[in-house]
Structure formats: C-alpha cells, structure tokens
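J.: Mind having a look at this structure? Questions to follow.
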Amino acid sequence: MSCLFNSLSYFINIDSYTIRQLICNYLEENKPIIDGLSTATVLEYENNNYISNMRQTSTWGGAIEIQCACNIWKTRIIVKNYRDSANTNIEFIPLSGNYEKTINIYWTGGHYEPVR
C-alpha cells in the first residue's frame, strides 16, 4: 500500500485500499481536480494508463490524489514539506473552497506520514 493512502486512511476512517479505489473512481468519472482543466486533460500529461496504474497497491499517490481526496471528502489537507530545509506547508483545498475539516500529513519527498 502507498503511504499516502495509509495516511489519508488515518483521518478518513476508511481502509486505504478503498480510499485508493474511490479516488480512482473519481478520476475515471472525469470529475474536476483542477479549476479550468478537465481531469482527462490533466491525466494526458501523465500517461494513458494513469488510473489503471493508480489502482495497483504498489503505485505511489501524489498531488493529484491529494486534490481528489479534498474534493471527495470536503477536506483541507496541509502537507508539511520536510524534503528541504524551509519546511514549508503545501495547502490543498476542495475546488468549492468549502471544507469541513483539516488534516495534516508529513512529506519527506518520498514518504507520507499522518501528523498524529
């Protein structure tokens, strides 16, 4: 399982495999992830097998999946970026701008972990 989906599972209270599949379903339904661009257009920049690859538990999730999670669960996600000395925060919010809760996760550049 990908550490991103495990981290999301800590807060969303759904198992990480189901979270992964729900996010992939969201992508497959071409729901919006970035304002002004269709999901299909965004995924064209990745590869033709993006969603089928993401459904595999060995595939790592990233920013696209974080944004989908925000939109699906009406959640703001703060990623604490520990890959550089600046320790900046990256904020993801639902496209609607409205969210019901905020969660925080660490990112080292290669690993996500929930902030407990």
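Ordered as shown in the structure tokens, chains take letters A, B, and onward, while each chain numbers its residues from 1 and ligands are numbered from 1 in the order shown.
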Assign secondary structure with DSSP using the backbone only, and return the residues of chain A in alpha helix (DSSP H) as number ranges by chain.

T.: A: 3-12, 16-28, 39-44, 50-54, 63-73

J.: Would you export the selected residues with N, CA and C atoms as a short mmCIF file (atom, residue, chain, number, x, y, z; two decimals), in the first residue's frame, please?

T.:
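Heads up, here's the output in result.cif:
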```
data_model
loop_
_atom_site.label_atom_id
_atom_site.label_comp_id
_atom_site.auth_asym_id
_atom_site.auth_seq_id
_atom_site.Cartn_x
_atom_site.Cartn_y
_atom_site.Cartn_z
N CYS A 3 1.99 4.90 1.11
CA CYS A 3 1.96 5.64 2.37
C CYS A 3 0.98 6.80 2.33
N LEU A 4 0.73 7.39 1.16
CA LEU A 4 -0.26 8.47 1.08
C LEU A 4 -1.64 7.95 1.45
N PHE A 5 -2.05 6.85 0.88
CA PHE A 5 -3.38 6.31 1.15
C PHE A 5 -3.49 5.82 2.59
N ASN A 6 -2.40 5.28 3.14
CA ASN A 6 -2.39 4.91 4.55
C ASN A 6 -2.56 6.15 5.43
N SER A 7 -1.90 7.24 5.06
CA SER A 7 -2.01 8.48 5.83
C SER A 7 -3.42 9.04 5.78
N LEU A 8 -4.03 9.04 4.60
CA LEU A 8 -5.40 9.52 4.47
C LEU A 8 -6.36 8.64 5.28
N SER A 9 -6.11 7.36 5.27
CA SER A 9 -6.95 6.41 5.99
C SER A 9 -6.97 6.71 7.49
N TYR A 10 -5.88 7.19 8.02
CA TYR A 10 -5.79 7.51 9.45
C TYR A 10 -6.86 8.54 9.83
N PHE A 11 -7.15 9.49 8.93
CA PHE A 11 -8.08 10.57 9.22
C PHE A 11 -9.50 10.32 8.69
N ILE A 12 -9.60 9.62 7.58
CA ILE A 12 -10.89 9.46 6.92
C ILE A 12 -11.66 8.26 7.47
N SER A 16 -7.29 2.02 3.48
CA SER A 16 -6.50 2.67 2.44
C SER A 16 -6.79 2.13 1.04
N TYR A 17 -7.08 0.85 0.91
CA TYR A 17 -7.40 0.28 -0.40
C TYR A 17 -8.69 0.91 -0.94
N THR A 18 -9.70 1.04 -0.10
CA THR A 18 -10.97 1.64 -0.53
C THR A 18 -10.78 3.11 -0.89
N ILE A 19 -10.00 3.83 -0.11
CA ILE A 19 -9.71 5.23 -0.43
C ILE A 19 -9.08 5.32 -1.81
N ARG A 20 -8.11 4.48 -2.07
CA ARG A 20 -7.45 4.47 -3.39
C ARG A 20 -8.47 4.24 -4.51
N GLN A 21 -9.35 3.26 -4.33
CA GLN A 21 -10.33 2.94 -5.37
C GLN A 21 -11.35 4.07 -5.55
N LEU A 22 -11.77 4.70 -4.47
CA LEU A 22 -12.71 5.82 -4.57
C LEU A 22 -12.08 7.00 -5.30
N ILE A 23 -10.82 7.25 -5.04
CA ILE A 23 -10.11 8.32 -5.75
C ILE A 23 -9.97 7.97 -7.23
N CYS A 24 -9.64 6.73 -7.54
CA CYS A 24 -9.54 6.31 -8.94
C CYS A 24 -10.89 6.37 -9.63
N ASN A 25 -11.96 6.03 -8.92
CA ASN A 25 -13.31 6.16 -9.49
C ASN A 25 -13.59 7.62 -9.82
N TYR A 26 -13.21 8.51 -8.93
CA TYR A 26 -13.40 9.95 -9.13
C TYR A 26 -12.68 10.40 -10.40
N LEU A 27 -11.44 9.94 -10.56
CA LEU A 27 -10.67 10.27 -11.77
C LEU A 27 -11.32 9.68 -13.02
N GLU A 28 -11.75 8.46 -12.91
CA GLU A 28 -12.35 7.76 -14.05
C GLU A 28 -13.64 8.44 -14.51
N THR A 39 -10.28 16.73 -15.91
CA THR A 39 -9.43 15.67 -15.37
C THR A 39 -8.74 14.91 -16.49
N ALA A 40 -9.47 14.65 -17.57
CA ALA A 40 -8.88 13.94 -18.71
C ALA A 40 -7.67 14.70 -19.25
N THR A 41 -7.75 16.02 -19.31
CA THR A 41 -6.64 16.83 -19.80
C THR A 41 -5.44 16.74 -18.86
N VAL A 42 -5.71 16.83 -17.56
CA VAL A 42 -4.63 16.73 -16.57
C VAL A 42 -3.93 15.37 -16.69
N LEU A 43 -4.71 14.31 -16.81
CA LEU A 43 -4.12 12.98 -16.88
C LEU A 43 -3.40 12.72 -18.19
N GLU A 44 -3.72 13.46 -19.24
CA GLU A 44 -2.99 13.34 -20.51
C GLU A 44 -1.51 13.68 -20.31
N TYR A 50 -2.77 5.94 -16.49
CA TYR A 50 -2.63 6.53 -15.16
C TYR A 50 -3.59 5.89 -14.14
N ILE A 51 -4.86 5.84 -14.46
CA ILE A 51 -5.85 5.35 -13.49
C ILE A 51 -5.65 3.87 -13.22
N SER A 52 -5.45 3.06 -14.25
CA SER A 52 -5.25 1.62 -14.01
C SER A 52 -3.98 1.37 -13.21
N ASN A 53 -2.94 2.15 -13.45
CA ASN A 53 -1.72 2.03 -12.64
C ASN A 53 -1.98 2.45 -11.20
N MET A 54 -2.74 3.54 -11.01
CA MET A 54 -3.00 4.03 -9.66
C MET A 54 -3.86 3.06 -8.87
N ALA A 63 0.13 14.47 -5.58
CA ALA A 63 -0.68 15.69 -5.53
C ALA A 63 -2.06 15.51 -6.17
N ILE A 64 -2.13 14.80 -7.29
CA ILE A 64 -3.42 14.59 -7.94
C ILE A 64 -4.37 13.86 -6.99
N GLU A 65 -3.89 12.83 -6.34
CA GLU A 65 -4.73 12.05 -5.43
C GLU A 65 -5.10 12.86 -4.18
N ILE A 66 -4.18 13.70 -3.70
CA ILE A 66 -4.48 14.56 -2.56
C ILE A 66 -5.61 15.52 -2.92
N GLN A 67 -5.53 16.14 -4.10
CA GLN A 67 -6.57 17.06 -4.51
C GLN A 67 -7.91 16.35 -4.67
N CYS A 68 -7.90 15.15 -5.21
CA CYS A 68 -9.14 14.37 -5.33
C CYS A 68 -9.73 14.11 -3.95
N ALA A 69 -8.89 13.73 -2.99
CA ALA A 69 -9.36 13.47 -1.63
C ALA A 69 -10.01 14.71 -1.03
N CYS A 70 -9.41 15.87 -1.27
CA CYS A 70 -10.01 17.13 -0.79
C CYS A 70 -11.41 17.31 -1.34
N ASN A 71 -11.55 17.08 -2.63
CA ASN A 71 -12.84 17.26 -3.29
C ASN A 71 -13.87 16.24 -2.83
N ILE A 72 -13.46 14.99 -2.68
CA ILE A 72 -14.39 13.92 -2.30
C ILE A 72 -14.88 14.10 -0.87
N TRP A 73 -13.94 14.33 0.06
CA TRP A 73 -14.28 14.36 1.49
C TRP A 73 -14.40 15.77 2.06
#
```

J.: Measuring between only C-alpha atoms, which one of A:Pro114, A:Ile77, A:Thr102, A:Gly61 shows the shortest distance to A:Ile90?

T.: A:Ile77

J.: Here is a test: counting only C-alpha atoms, which residue of A:Gly36, A:Tyr82, A:Arg76, A:Thr88 is nearest to A:Ile103?

T.: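 Distance minimum relative to A:Ile103 lands on A:Arg76.
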
J.: Separation of atom CA of A:Lys80 and atom CA of A:Ile93, in Å?

T.: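 Spanning atom CA of A:Lys80 to atom CA of A:Ile93 is a straight-line distance of 14.4 Å.
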
J.: List the neighbours of A:Gly109 out to 10 Å using only C-alpha atoms; skip same-chain residues closer than 6 positions along the sequence, and give me the result as a list in words.

T.: Asn81, Tyr82, Arg83 and Asp84 of chain A

J.: Nearest residue to A:Ile34 out of A:Ser2, A:Pro94, A:Val115, A:Ser85, using only C-alpha atoms?

T.: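 Closest candidate: A:Pro94.
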
J.: Would you mind telling me which residue in A:Lys31, A:Asn13, A:Thr75, A:Arg55 lies nearest to A:Gly97 when using only C-alpha atoms?

T.: A:Thr75

J.: Please give the complete set of residues from stretch 25-108 of chain A that DSSP, run on the backbone, assigns to strand (DSSP E), formatted as a list in words.

T.: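 Strand (DSSP E) members of stretch 25-108 of chain A, listed: Thr75, Arg76, Ile77, Ile78, Val79, Lys80, Asn81, Asn89, Ile90, Glu91, Phe92, Lys101, Thr102, Ile103, Asn104, Ile105, Tyr106 and Trp107 of chain A.
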
J.: Given the selection you just returned, output its residues as a file containing N, CA and C atoms, formatted as an mmCIF file, in the first residue's frame.

T.:
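The result, stored in selection.cif:
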```cif
data_model
loop_
_atom_site.group_PDB
_atom_site.id
_atom_site.type_symbol
_atom_site.label_atom_id
_atom_site.label_comp_id
_atom_site.auth_asym_id
_atom_site.auth_seq_id
_atom_site.Cartn_x
_atom_site.Cartn_y
_atom_site.Cartn_z
ATOM 1 N N THR A 75 -12.357 18.242 2.474
ATOM 2 C CA THR A 75 -11.310 18.351 3.479
ATOM 3 C C THR A 75 -10.164 19.209 2.972
ATOM 4 N N ARG A 76 -9.647 20.046 3.843
ATOM 5 C CA ARG A 76 -8.402 20.766 3.546
ATOM 6 C C ARG A 76 -7.263 19.865 4.021
ATOM 7 N N ILE A 77 -6.265 19.697 3.170
ATOM 8 C CA ILE A 77 -5.107 18.871 3.523
ATOM 9 C C ILE A 77 -3.866 19.748 3.483
ATOM 10 N N ILE A 78 -3.188 19.820 4.615
ATOM 11 C CA ILE A 78 -1.931 20.543 4.714
ATOM 12 C C ILE A 78 -0.808 19.509 4.662
ATOM 13 N N VAL A 79 0.061 19.646 3.668
ATOM 14 C CA VAL A 79 1.216 18.753 3.548
ATOM 15 C C VAL A 79 2.420 19.505 4.086
ATOM 16 N N LYS A 80 2.971 18.997 5.163
ATOM 17 C CA LYS A 80 4.161 19.600 5.761
ATOM 18 C C LYS A 80 5.371 19.054 5.008
ATOM 19 N N ASN A 81 6.013 19.922 4.247
ATOM 20 C CA ASN A 81 7.080 19.545 3.331
ATOM 21 C C ASN A 81 8.425 19.523 4.058
ATOM 22 N N ASN A 89 4.689 24.523 4.109
ATOM 23 C CA ASN A 89 3.417 23.807 4.053
ATOM 24 C C ASN A 89 2.819 23.985 2.669
ATOM 25 N N ILE A 90 2.261 22.906 2.144
ATOM 26 C CA ILE A 90 1.550 22.940 0.874
ATOM 27 C C ILE A 90 0.089 22.704 1.207
ATOM 28 N N GLU A 91 -0.773 23.647 0.836
ATOM 29 C CA GLU A 91 -2.189 23.560 1.191
ATOM 30 C C GLU A 91 -3.014 23.120 -0.015
ATOM 31 N N PHE A 92 -3.828 22.109 0.206
ATOM 32 C CA PHE A 92 -4.780 21.632 -0.789
ATOM 33 C C PHE A 92 -6.171 21.871 -0.210
ATOM 34 N N LYS A 101 -13.228 19.900 7.458
ATOM 35 C CA LYS A 101 -12.160 19.599 8.411
ATOM 36 C C LYS A 101 -10.815 19.799 7.739
ATOM 37 N N THR A 102 -9.781 19.818 8.543
ATOM 38 C CA THR A 102 -8.404 19.951 8.064
ATOM 39 C C THR A 102 -7.594 18.790 8.603
ATOM 40 N N ILE A 103 -6.789 18.202 7.737
ATOM 41 C CA ILE A 103 -5.861 17.169 8.182
ATOM 42 C C ILE A 103 -4.449 17.577 7.774
ATOM 43 N N ASN A 104 -3.480 17.062 8.505
ATOM 44 C CA ASN A 104 -2.076 17.369 8.251
ATOM 45 C C ASN A 104 -1.297 16.084 8.034
ATOM 46 N N ILE A 105 -0.472 16.094 6.999
ATOM 47 C CA ILE A 105 0.417 14.963 6.754
ATOM 48 C C ILE A 105 1.830 15.487 6.490
ATOM 49 N N TYR A 106 2.826 14.686 6.847
ATOM 50 C CA TYR A 106 4.232 14.984 6.547
ATOM 51 C C TYR A 106 4.572 14.447 5.169
ATOM 52 N N TRP A 107 5.514 15.091 4.510
ATOM 53 C CA TRP A 107 6.060 14.576 3.257
ATOM 54 C C TRP A 107 7.560 14.812 3.252
#
```

J.: For A:Glu100, which residue out of A:Asn48, A:Ala86, A:Lys74, A:Thr57 is the nearest one, using only C-alpha atoms?

T.: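 For A:Glu100, the nearest of the given residues is A:Lys74.
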